[in-house]
file entry_31.cif (mmCIF, C-alpha atoms)
data_structure
loop_
_atom_site.group_PDB
_atom_site.id
_atom_site.type_symbol
_atom_site.label_atom_id
_atom_site.label_comp_id
_atom_site.auth_asym_id
_atom_site.auth_seq_id
_atom_site.Cartn_x
_atom_site.Cartn_y
_atom_site.Cartn_z
ATOM 1 C CA MET A 142 86.377 72.616 92.509
ATOM 2 C CA GLN A 143 87.585 75.537 94.623
ATOM 3 C CA ARG A 144 85.836 78.894 94.522
ATOM 4 C CA VAL A 145 87.888 82.048 94.040
ATOM 5 C CA VAL A 146 86.065 85.324 94.684
ATOM 6 C CA VAL A 147 87.618 88.537 93.376
ATOM 7 C CA LEU A 148 86.604 91.742 95.183
ATOM 8 C CA ALA A 149 86.492 94.674 92.755
ATOM 9 C CA LEU A 150 86.817 98.035 94.506
ATOM 10 C CA ASP A 151 86.228 101.495 93.061
ATOM 11 C CA GLY A 152 89.337 102.520 91.148
ATOM 12 C CA VAL A 153 90.291 98.910 90.363
ATOM 13 C CA TYR A 154 92.903 98.447 87.636
ATOM 14 C CA PRO A 155 91.331 96.404 84.800
ATOM 15 C CA PHE A 156 94.484 94.452 83.945
ATOM 16 C CA GLU A 157 95.004 93.124 87.456
ATOM 17 C CA LEU A 158 91.272 92.562 87.928
ATOM 18 C CA GLY A 159 91.435 90.025 85.104
ATOM 19 C CA ILE A 160 94.482 88.132 86.366
ATOM 20 C CA PRO A 161 92.689 85.716 88.754
ATOM 21 C CA ASN A 162 90.128 84.716 86.153
ATOM 22 C CA ARG A 163 92.804 84.284 83.482
ATOM 23 C CA VAL A 164 95.115 82.169 85.659
ATOM 24 C CA PHE A 165 92.678 80.157 87.776
ATOM 25 C CA GLY A 166 90.240 79.911 84.873
ATOM 26 C CA SER A 167 92.955 78.186 82.809
ATOM 27 C CA ALA A 168 93.383 75.350 85.336
ATOM 28 C CA ASP A 169 91.116 72.877 83.530
ATOM 29 C CA GLY A 170 88.025 73.375 85.672
ATOM 30 C CA ARG A 171 89.766 73.121 89.031
ATOM 31 C CA TYR A 172 88.574 76.574 90.092
ATOM 32 C CA GLU A 173 85.373 78.567 89.821
ATOM 33 C CA VAL A 174 86.051 82.320 89.680
ATOM 34 C CA LEU A 175 83.441 84.896 90.682
ATOM 35 C CA THR A 176 83.784 88.672 90.756
ATOM 36 C CA CYS A 177 81.898 90.782 93.278
ATOM 37 C CA SER A 178 81.733 94.366 94.514
ATOM 38 C CA ALA A 179 81.517 95.625 98.077
ATOM 39 C CA ASP A 180 77.918 96.815 97.653
ATOM 40 C CA GLY A 181 76.619 94.972 94.579
ATOM 41 C CA ARG A 182 76.743 98.104 92.443
ATOM 42 C CA PRO A 183 78.783 98.873 89.291
ATOM 43 C CA VAL A 184 82.434 99.605 89.942
ATOM 44 C CA ARG A 185 84.407 102.570 88.630
ATOM 45 C CA THR A 186 87.760 101.369 87.281
ATOM 46 C CA GLY A 187 91.090 103.149 87.189
ATOM 47 C CA SER A 188 90.598 103.543 83.439
ATOM 48 C CA ASP A 189 87.943 105.493 81.517
ATOM 49 C CA PHE A 190 85.093 103.032 82.040
ATOM 50 C CA SER A 191 83.055 101.328 84.727
ATOM 51 C CA ILE A 192 82.138 97.656 85.018
ATOM 52 C CA THR A 193 79.067 95.774 86.187
ATOM 53 C CA VAL A 194 79.769 92.632 88.219
ATOM 54 C CA GLU A 195 77.427 89.691 88.664
ATOM 55 C CA HIS A 196 77.729 89.329 92.425
ATOM 56 C CA GLY A 197 77.429 91.342 95.601
ATOM 57 C CA PRO A 198 79.484 90.993 98.793
ATOM 58 C CA GLU A 199 77.591 87.864 99.874
ATOM 59 C CA ALA A 200 79.787 85.895 97.445
ATOM 60 C CA LEU A 201 82.726 86.453 99.800
ATOM 61 C CA ALA A 202 81.097 84.186 102.382
ATOM 62 C CA THR A 203 81.295 81.269 99.930
ATOM 63 C CA ALA A 204 84.946 81.708 98.927
ATOM 64 C CA ASP A 205 87.817 79.299 99.431
ATOM 65 C CA THR A 206 90.161 82.044 98.211
ATOM 66 C CA VAL A 207 89.559 85.798 98.097
ATOM 67 C CA VAL A 208 91.661 88.011 95.803
ATOM 68 C CA ILE A 209 91.925 91.785 96.280
ATOM 69 C CA PRO A 210 93.214 93.408 93.042
ATOM 70 C CA PRO A 211 94.865 96.839 93.203
ATOM 71 C CA TYR A 212 92.854 100.009 93.066
ATOM 72 C CA ASP A 213 93.580 103.704 92.553
ATOM 73 C CA MET A 214 93.893 105.066 96.087
ATOM 74 C CA LYS A 215 92.762 108.681 95.904
ATOM 75 C CA ALA A 216 93.100 109.020 99.652
ATOM 76 C CA ALA A 217 94.919 106.119 101.288
ATOM 77 C CA ALA A 218 93.906 105.718 104.905
ATOM 78 C CA ALA A 219 94.548 103.401 107.832
ATOM 79 C CA GLU A 220 90.811 102.747 108.197
ATOM 80 C CA LEU A 221 88.404 100.969 105.872
ATOM 81 C CA PRO A 222 85.309 102.550 104.316
ATOM 82 C CA GLY A 223 82.136 101.154 105.877
ATOM 83 C CA PRO A 224 80.895 99.067 102.909
ATOM 84 C CA VAL A 225 84.338 97.536 102.388
ATOM 85 C CA ALA A 226 84.712 96.661 106.071
ATOM 86 C CA GLY A 227 81.273 95.075 105.998
ATOM 87 C CA ALA A 228 82.161 93.046 102.916
ATOM 88 C CA LEU A 229 85.402 91.748 104.410
ATOM 89 C CA ALA A 230 83.571 90.740 107.589
ATOM 90 C CA LEU A 231 81.677 88.159 105.507
ATOM 91 C CA ILE A 232 84.841 86.180 104.754
ATOM 92 C CA ARG A 233 84.924 82.911 106.672
ATOM 93 C CA PRO A 234 87.807 82.267 109.106
ATOM 94 C CA GLY A 235 90.588 80.280 107.460
ATOM 95 C CA THR A 236 89.804 81.520 103.951
ATOM 96 C CA ARG A 237 92.918 82.139 101.895
ATOM 97 C CA ILE A 238 93.252 85.858 101.122
ATOM 98 C CA VAL A 239 95.469 87.271 98.378
ATOM 99 C CA SER A 240 96.331 90.879 97.554
ATOM 100 C CA ILE A 241 97.904 92.331 94.433
ATOM 101 C CA CYS A 242 99.823 95.629 94.680
ATOM 102 C CA THR A 243 97.720 98.233 96.554
ATOM 103 C CA GLY A 244 95.392 95.484 97.754
ATOM 104 C CA ALA A 245 97.865 95.074 100.624
ATOM 105 C CA PHE A 246 96.725 98.458 101.989
ATOM 106 C CA LEU A 247 93.214 97.064 102.307
ATOM 107 C CA LEU A 248 94.424 93.966 104.137
ATOM 108 C CA ALA A 249 96.553 96.051 106.480
ATOM 109 C CA ALA A 250 93.688 98.439 107.245
ATOM 110 C CA ALA A 251 91.517 95.412 108.024
ATOM 111 C CA GLY A 252 94.092 94.155 110.521
ATOM 112 C CA LEU A 253 94.791 91.044 108.457
ATOM 113 C CA LEU A 254 98.534 91.684 108.254
ATOM 114 C CA GLU A 255 99.222 92.099 111.963
ATOM 115 C CA GLY A 256 102.131 89.859 112.944
ATOM 116 C CA ARG A 257 102.730 88.876 109.323
ATOM 117 C CA THR A 258 105.272 89.686 106.626
ATOM 118 C CA ALA A 259 103.859 91.352 103.518
ATOM 119 C CA THR A 260 104.859 93.186 100.354
ATOM 120 C CA THR A 261 103.434 95.773 97.983
ATOM 121 C CA HIS A 262 104.606 97.818 95.006
ATOM 122 C CA TRP A 263 108.074 99.262 95.626
ATOM 123 C CA ALA A 264 106.932 102.831 94.850
ATOM 124 C CA LEU A 265 104.346 102.692 97.664
ATOM 125 C CA VAL A 266 106.636 101.407 100.406
ATOM 126 C CA PRO A 267 107.124 104.771 102.209
ATOM 127 C CA LEU A 268 103.365 105.409 102.294
ATOM 128 C CA PHE A 269 102.611 101.886 103.481
ATOM 129 C CA ARG A 270 105.162 102.077 106.281
ATOM 130 C CA ARG A 271 103.831 105.443 107.380
ATOM 131 C CA LEU A 272 100.250 104.173 107.579
ATOM 132 C CA PHE A 273 100.991 100.700 108.958
ATOM 133 C CA PRO A 274 104.226 100.806 110.973
ATOM 134 C CA HIS A 275 103.410 97.564 112.791
ATOM 135 C CA VAL A 276 103.345 95.451 109.621
ATOM 136 C CA THR A 277 106.633 93.797 108.623
ATOM 137 C CA LEU A 278 107.104 94.893 105.016
ATOM 138 C CA ASP A 279 109.523 93.282 102.575
ATOM 139 C CA PRO A 280 109.688 95.638 99.572
ATOM 140 C CA ASP A 281 112.233 93.629 97.580
ATOM 141 C CA VAL A 282 110.238 90.526 96.638
ATOM 142 C CA LEU A 283 107.588 89.604 94.090
ATOM 143 C CA PHE A 284 105.227 88.034 96.602
ATOM 144 C CA VAL A 285 105.050 86.764 100.171
ATOM 145 C CA ASP A 286 103.273 83.537 101.125
ATOM 146 C CA ASP A 287 102.473 83.829 104.822
ATOM 147 C CA GLY A 288 100.141 80.883 105.178
ATOM 148 C CA THR A 289 96.536 81.850 104.564
ATOM 149 C CA VAL A 290 97.470 85.424 103.609
ATOM 150 C CA LEU A 291 99.515 86.145 100.485
ATOM 151 C CA THR A 292 100.573 89.582 99.259
ATOM 152 C CA SER A 293 102.195 90.481 95.947
ATOM 153 C CA ALA A 294 103.817 93.502 94.341
ATOM 154 C CA GLY A 295 102.725 95.252 91.149
ATOM 155 C CA ALA A 296 100.916 93.951 88.050
ATOM 156 C CA GLY A 297 102.986 91.008 86.773
ATOM 157 C CA SER A 298 103.602 89.647 90.262
ATOM 158 C CA GLY A 299 99.854 89.085 90.489
ATOM 159 C CA VAL A 300 100.336 86.422 87.831
ATOM 160 C CA ASP A 301 103.239 84.975 89.816
ATOM 161 C CA VAL A 302 101.288 84.655 93.061
ATOM 162 C CA CYS A 303 98.269 83.109 91.326
ATOM 163 C CA LEU A 304 100.498 80.560 89.577
ATOM 164 C CA HIS A 305 102.153 79.874 92.923
ATOM 165 C CA ILE A 306 98.735 79.073 94.396
ATOM 166 C CA VAL A 307 97.896 76.726 91.506
ATOM 167 C CA ARG A 308 101.238 74.998 92.028
ATOM 168 C CA GLU A 309 100.633 74.639 95.772
ATOM 169 C CA ASP A 310 97.107 73.327 95.213
ATOM 170 C CA HIS A 311 97.628 71.026 92.226
ATOM 171 C CA GLY A 312 101.329 70.597 91.541
ATOM 172 C CA THR A 313 103.924 71.755 89.045
ATOM 173 C CA GLU A 314 102.482 70.015 86.001
ATOM 174 C CA VAL A 315 99.135 71.813 86.280
ATOM 175 C CA ALA A 316 100.833 75.160 87.018
ATOM 176 C CA ASN A 317 103.112 74.745 83.980
ATOM 177 C CA GLN A 318 100.115 73.979 81.783
ATOM 178 C CA VAL A 319 98.372 77.134 83.018
ATOM 179 C CA ALA A 320 101.528 79.170 82.375
ATOM 180 C CA ARG A 321 101.755 77.866 78.809
ATOM 181 C CA LEU A 322 98.128 78.783 78.156
ATOM 182 C CA CYS A 323 98.725 82.278 79.553
ATOM 183 C CA VAL A 324 102.098 82.591 77.733
ATOM 184 C CA VAL A 325 103.961 83.616 80.889
ATOM 185 C CA PRO A 326 107.049 82.230 82.672
ATOM 186 C CA PRO A 327 105.914 79.166 84.644
ATOM 187 C CA TRP A 328 107.884 80.095 87.721
ATOM 188 C CA ARG A 329 109.406 83.169 89.299
ATOM 189 C CA ASP A 330 110.348 82.651 92.915
ATOM 190 C CA GLY A 331 108.558 84.940 95.339
ATOM 191 C CA GLY A 332 111.915 85.918 96.811
ATOM 192 C CA GLN A 333 113.105 87.277 93.483
ATOM 193 C CA ALA A 334 113.562 91.021 93.606
ATOM 194 C CA GLN A 335 111.144 93.414 91.977
ATOM 195 C CA TYR A 336 112.696 94.756 88.756
ATOM 196 C CA ILE A 337 113.094 98.394 89.752
ATOM 197 C CA GLU A 338 114.653 101.052 87.580
ATOM 198 C CA GLN A 339 117.262 103.070 89.487
ATOM 199 C CA PRO A 340 118.247 106.041 87.310
ATOM 200 C CA VAL A 341 121.450 107.980 87.819
ATOM 201 C CA PRO A 342 120.774 111.191 89.800
ATOM 202 C CA GLU A 343 121.014 114.524 88.007
ATOM 203 C CA THR A 344 124.516 115.826 87.375
ATOM 204 C CA SER A 345 125.700 119.069 88.921
ATOM 205 C CA ALA A 346 128.671 121.293 88.155
ATOM 206 C CA ASN A 347 130.188 121.079 91.657
ATOM 207 C CA GLY A 348 129.229 117.523 92.558
ATOM 208 C CA THR A 349 130.063 113.985 91.546
ATOM 209 C CA GLY A 350 127.659 113.774 88.613
ATOM 210 C CA ALA A 351 130.296 114.171 85.900
ATOM 211 C CA THR A 352 132.361 111.410 87.469
ATOM 212 C CA ARG A 353 129.356 109.126 87.643
ATOM 213 C CA GLN A 354 128.767 109.653 83.935
ATOM 214 C CA TRP A 355 132.445 108.963 83.259
ATOM 215 C CA ALA A 356 132.284 105.788 85.327
ATOM 216 C CA LEU A 357 129.250 104.553 83.383
ATOM 217 C CA GLY A 358 131.315 104.816 80.203
ATOM 218 C CA ASN A 359 134.169 102.869 81.753
ATOM 219 C CA LEU A 360 132.478 100.112 83.720
ATOM 220 C CA HIS A 361 134.706 97.549 82.005
ATOM 221 C CA LEU A 362 137.686 98.985 83.890
ATOM 222 C CA PRO A 363 138.611 97.934 87.470
ATOM 223 C CA LEU A 364 137.549 101.300 88.891
ATOM 224 C CA THR A 365 138.493 102.127 92.471
ATOM 225 C CA LEU A 366 137.536 104.896 94.873
ATOM 226 C CA ALA A 367 140.915 106.503 94.123
ATOM 227 C CA ASP A 368 140.167 106.460 90.377
ATOM 228 C CA LEU A 369 136.804 108.149 90.902
ATOM 229 C CA ALA A 370 138.241 110.719 93.272
ATOM 230 C CA ASP A 371 141.090 111.526 90.870
ATOM 231 C CA HIS A 372 138.606 112.085 88.052
ATOM 232 C CA ALA A 373 136.564 114.413 90.274
ATOM 233 C CA ARG A 374 139.753 116.161 91.457
ATOM 234 C CA MET A 375 138.885 115.555 95.083
ATOM 235 C CA SER A 376 140.472 113.666 97.913
ATOM 236 C CA ALA A 377 139.058 110.162 98.388
ATOM 237 C CA ARG A 378 137.475 111.157 101.703
ATOM 238 C CA THR A 379 135.805 114.276 100.267
ATOM 239 C CA PHE A 380 134.600 112.412 97.215
ATOM 240 C CA ALA A 381 133.121 109.556 99.257
ATOM 241 C CA ARG A 382 131.316 111.999 101.551
ATOM 242 C CA ARG A 383 129.928 114.106 98.710
ATOM 243 C CA PHE A 384 128.990 111.015 96.703
ATOM 244 C CA GLY A 385 127.045 109.620 99.662
ATOM 245 C CA ASP A 386 125.220 112.928 100.143
ATOM 246 C CA GLU A 387 124.187 113.057 96.479
ATOM 247 C CA VAL A 388 123.451 109.407 95.740
ATOM 248 C CA GLY A 389 122.572 107.953 99.131
ATOM 249 C CA MET A 390 125.108 105.119 99.044
ATOM 250 C CA SER A 391 128.849 104.505 98.869
ATOM 251 C CA PRO A 392 130.733 104.684 95.547
ATOM 252 C CA GLY A 393 131.558 100.984 95.779
ATOM 253 C CA ARG A 394 127.961 99.940 96.252
ATOM 254 C CA TRP A 395 126.841 102.253 93.435
ATOM 255 C CA LEU A 396 129.439 100.757 91.061
ATOM 256 C CA ILE A 397 128.177 97.249 91.788
ATOM 257 C CA GLN A 398 124.587 98.341 91.134
ATOM 258 C CA GLN A 399 125.541 99.925 87.811
ATOM 259 C CA ARG A 400 127.551 96.867 86.774
ATOM 260 C CA VAL A 401 124.638 94.601 87.604
ATOM 261 C CA ALA A 402 122.251 96.885 85.685
ATOM 262 C CA ARG A 403 124.541 96.858 82.626
ATOM 263 C CA ALA A 404 124.926 93.089 82.880
ATOM 264 C CA ARG A 405 121.149 92.689 82.936
ATOM 265 C CA HIS A 406 120.879 94.794 79.787
ATOM 266 C CA LEU A 407 123.492 92.686 77.998
ATOM 267 C CA LEU A 408 121.872 89.439 79.124
ATOM 268 C CA GLU A 409 118.521 90.653 77.806
ATOM 269 C CA SER A 410 119.703 92.111 74.505
ATOM 270 C CA THR A 411 122.766 90.084 73.387
ATOM 271 C CA ASP A 412 123.987 86.491 73.086
ATOM 272 C CA LEU A 413 127.337 87.243 74.733
ATOM 273 C CA SER A 414 128.599 84.479 77.000
ATOM 274 C CA VAL A 415 128.332 84.992 80.743
ATOM 275 C CA ASP A 416 132.143 85.277 80.887
ATOM 276 C CA ARG A 417 132.081 88.014 78.242
ATOM 277 C CA VAL A 418 129.251 89.873 79.955
ATOM 278 C CA ALA A 419 131.198 89.787 83.216
ATOM 279 C CA SER A 420 134.236 91.243 81.460
ATOM 280 C CA GLU A 421 132.204 93.936 79.685
ATOM 281 C CA VAL A 422 130.765 95.256 82.956
ATOM 282 C CA GLY A 423 133.919 95.080 85.058
ATOM 283 C CA PHE A 424 133.412 91.937 87.120
ATOM 284 C CA ALA A 425 136.636 89.974 87.315
ATOM 285 C CA THR A 426 135.020 86.577 86.696
ATOM 286 C CA ALA A 427 131.723 85.004 85.697
ATOM 287 C CA THR A 428 131.510 83.688 89.260
ATOM 288 C CA SER A 429 131.619 87.248 90.571
ATOM 289 C CA LEU A 430 128.842 88.252 88.182
ATOM 290 C CA ARG A 431 126.703 85.299 89.289
ATOM 291 C CA GLN A 432 127.196 86.179 92.939
ATOM 292 C CA HIS A 433 126.325 89.844 92.501
ATOM 293 C CA LEU A 434 123.337 89.197 90.225
ATOM 294 C CA HIS A 435 121.946 86.603 92.604
ATOM 295 C CA ALA A 436 122.435 88.958 95.560
ATOM 296 C CA ALA A 437 120.667 91.756 93.679
ATOM 297 C CA ILE A 438 117.659 89.988 92.147
ATOM 298 C CA GLY A 439 117.813 86.380 93.310
ATOM 299 C CA VAL A 440 118.483 84.637 89.962
ATOM 300 C CA SER A 441 121.484 83.393 87.989
ATOM 301 C CA PRO A 442 122.630 85.048 84.729
ATOM 302 C CA LEU A 443 121.386 82.134 82.602
ATOM 303 C CA ALA A 444 118.003 82.037 84.354
ATOM 304 C CA TYR A 445 117.648 85.784 83.888
ATOM 305 C CA ARG A 446 118.520 85.513 80.183
ATOM 306 C CA ARG A 447 116.091 82.638 79.625
ATOM 307 C CA THR A 448 113.238 84.588 81.208
ATOM 308 C CA PHE A 449 113.706 87.778 79.203
ATOM 309 C CA GLN A 450 114.719 86.235 75.890
ATOM 310 C CA ALA A 451 111.833 83.768 76.061
ATOM 311 C CA ALA A 452 109.506 86.713 76.642
ATOM 312 C CA GLY A 453 110.980 88.407 73.585
ATOM 313 C CA ARG A 454 110.445 85.322 71.430
ATOM 314 C CA ASP A 455 106.834 85.022 72.608
ATOM 315 C CA LEU A 456 106.253 88.671 71.712
ATOM 316 C CA THR A 457 107.774 88.157 68.260
ATOM 317 C CA ARG A 458 105.521 85.179 67.619
ATOM 318 C CA ALA A 459 102.494 87.136 68.786
ATOM 319 C CA ARG A 460 103.280 89.921 66.319
ATOM 320 C CA ALA A 461 103.872 87.521 63.409
#
call {"tool": "encode", "arguments": {"input": "entry_31.cif", "output": "structure tokens"}}
result
Amino acid sequence: MQRVVVLALDGVYPFELGIPNRVFGSADGRYEVLTCSADGRPVRTGSDFSITVEHGPEALATADTVVIPPYDMKAAAAELPGPVAGALALIRPGTRIVSICTGAFLLAAAGLLEGRTATTHWALVPLFRRLFPHVTLDPDVLFVDDGTVLTSAGAGSGVDVCLHIVREDHGTEVANQVARLCVVPPWRDGGQAQYIEQPVPETSANGTGATRQWALGNLHLPLTLADLADHARMSARTFARRFGDEVGMSPGRWLIQQRVARARHLLESTDLSVDRVASEVGFATATSLRQHLHAAIGVSPLAYRRTFQAAGRDLTRARA
């Protein structure tokens, strides 16, 4: 039996705090999960209640794996508070350490990410890079396994990284059994992109906003830069320059992103064939759709559909 110790910090998010116990605790007695605080006192959560944990920081010295759930960072800093630094110093060399979401800030401040690749929630990437410029950050993945240190992005990716650990420790069959008990997808590759909403920027009377809205209504057409420029009544060069200033990318790249986003919506919400989805969103072939979807989020159209439609079926059963 391996011991997993979860360090609950002030401001901890209750959902993510429960992930290690839910996942590792479902592995048929293969793990013992303990929760501790940095000073042995009750912990204020990020919700409207506090929690009392059974263990103080001394539990960290007995851990095979330490998990740092995310916490509400009122004042993110490059240095650790004294009690937290003291607690982390109790962790034995070689112990596997895992962070979820903002937990990566704690690991970076402790110097545990030096020379490593890490990830965190996509919305916190600018802050992380500003505080820890020497850490190699990959903001586009669900989790990073860098040997004895693993970092994951927001909320749901905490489940993914914990299942990944179960799979590494005990094999696919055990991990699949845990996933079934938790009613979650048994596998999402760490290299899969975080599912990030990218809304269309605000329209403006003298900009390219009206043309962007027009393009969204005509994604099924083989739109070109010349088509967009003609609609905006600009030269192609002027349109491309103004579009880049407003949106931060080229018209061609933006069109691909919008087509992929529309394809994802159709894959989630309809039973249209992959060929039909490709046609509906303006990709010439199903092969083109597969290539662009895989480049964007690291999965095939059928794998993406299975994941989201299976989740929908599970939710329907739960409500029945």
call {"tool": "atom_distance", "arguments": {"input": "entry_31.cif", "atom1": "CA of Arg417 (chain A)", "atom2": "CA of Leu364 (chain A)"}}
result
17.9 Å
call {"tool": "resolve_selection", "arguments": {"input": "entry_31.cif", "expression": "the PyMOL selection byres ((chain A and resi 300) around 9)", "output": "PyMOL selection string"}}
result
chain A and resi 157+160-161+163-164+296-299+301-305+325
call {"tool": "atom_distance", "arguments": {"input": "entry_31.cif", "atom1": "CA of Val239 (chain A)", "atom2": "CA of Val290 (chain A)"}}
result
5.9 Å
call {"tool": "atom_distance", "arguments": {"input": "entry_31.cif", "atom1": "CA of Leu221 (chain A)", "atom2": "CA of Ala250 (chain A)"}}
result
6.0 Å
call {"tool": "closest_residue", "arguments": {"input": "entry_31.cif", "among": "A:Gly235, A:Asp371, A:Thr411, A:Leu366", "to": "Ser391 (chain A)", "atoms": "all atoms listed in the file"}}
result
A:Leu366
call {"tool": "decode", "arguments": {"input": "entry_31.cif", "residues": "region 282-303 of chain A", "atoms": "N, CA and C atoms", "output": "compact mmCIF listing (two decimals), in the first residue's frame"}}
result
# COMPACT_ATOMS: atom_id res chain seq x y z
N VAL A 282 -1.41 21.90 -22.30
CA VAL A 282 -1.62 20.48 -22.02
C VAL A 282 -2.42 20.30 -20.74
N LEU A 283 -2.93 19.09 -20.55
CA LEU A 283 -3.70 18.78 -19.35
C LEU A 283 -2.79 18.51 -18.16
N PHE A 284 -1.70 17.82 -18.38
CA PHE A 284 -0.74 17.60 -17.31
C PHE A 284 0.62 17.28 -17.90
N VAL A 285 1.64 17.44 -17.07
CA VAL A 285 3.02 17.14 -17.46
C VAL A 285 3.59 16.15 -16.44
N ASP A 286 4.09 15.03 -16.93
CA ASP A 286 4.77 14.05 -16.08
C ASP A 286 6.26 14.23 -16.31
N ASP A 287 6.93 14.85 -15.35
CA ASP A 287 8.37 15.08 -15.46
C ASP A 287 9.08 14.26 -14.38
N GLY A 288 8.87 12.96 -14.44
CA GLY A 288 9.53 12.08 -13.47
C GLY A 288 8.84 12.10 -12.13
N THR A 289 9.56 12.55 -11.11
CA THR A 289 8.99 12.56 -9.76
C THR A 289 8.14 13.79 -9.49
N VAL A 290 8.06 14.71 -10.42
CA VAL A 290 7.23 15.90 -10.26
C VAL A 290 6.22 15.96 -11.41
N LEU A 291 4.94 16.02 -11.05
CA LEU A 291 3.88 16.10 -12.04
C LEU A 291 3.04 17.34 -11.76
N THR A 292 2.71 18.07 -12.81
CA THR A 292 1.86 19.26 -12.66
C THR A 292 0.67 19.12 -13.60
N SER A 293 -0.48 19.65 -13.18
CA SER A 293 -1.68 19.55 -14.00
C SER A 293 -2.39 20.90 -14.05
N ALA A 294 -3.29 21.02 -15.01
CA ALA A 294 -4.01 22.28 -15.21
C ALA A 294 -5.20 22.35 -14.26
N GLY A 295 -6.31 22.93 -14.69
CA GLY A 295 -7.41 23.17 -13.77
C GLY A 295 -8.29 21.97 -13.50
N ALA A 296 -8.94 21.96 -12.38
CA ALA A 296 -10.01 21.06 -11.94
C ALA A 296 -9.96 19.66 -12.53
N GLY A 297 -10.65 19.44 -13.68
CA GLY A 297 -10.78 18.11 -14.24
C GLY A 297 -9.46 17.44 -14.55
N SER A 298 -8.44 18.22 -14.88
CA SER A 298 -7.14 17.62 -15.18
C SER A 298 -6.50 17.03 -13.93
N GLY A 299 -6.97 17.42 -12.75
CA GLY A 299 -6.52 16.78 -11.53
C GLY A 299 -6.93 15.32 -11.50
N VAL A 300 -8.13 15.03 -12.01
CA VAL A 300 -8.57 13.65 -12.15
C VAL A 300 -7.68 12.92 -13.14
N ASP A 301 -7.37 13.57 -14.26
CA ASP A 301 -6.55 12.95 -15.29
C ASP A 301 -5.17 12.57 -14.76
N VAL A 302 -4.53 13.47 -14.03
CA VAL A 302 -3.17 13.17 -13.56
C VAL A 302 -3.19 12.09 -12.50
N CYS A 303 -4.21 12.07 -11.65
CA CYS A 303 -4.30 11.01 -10.64
C CYS A 303 -4.56 9.66 -11.28
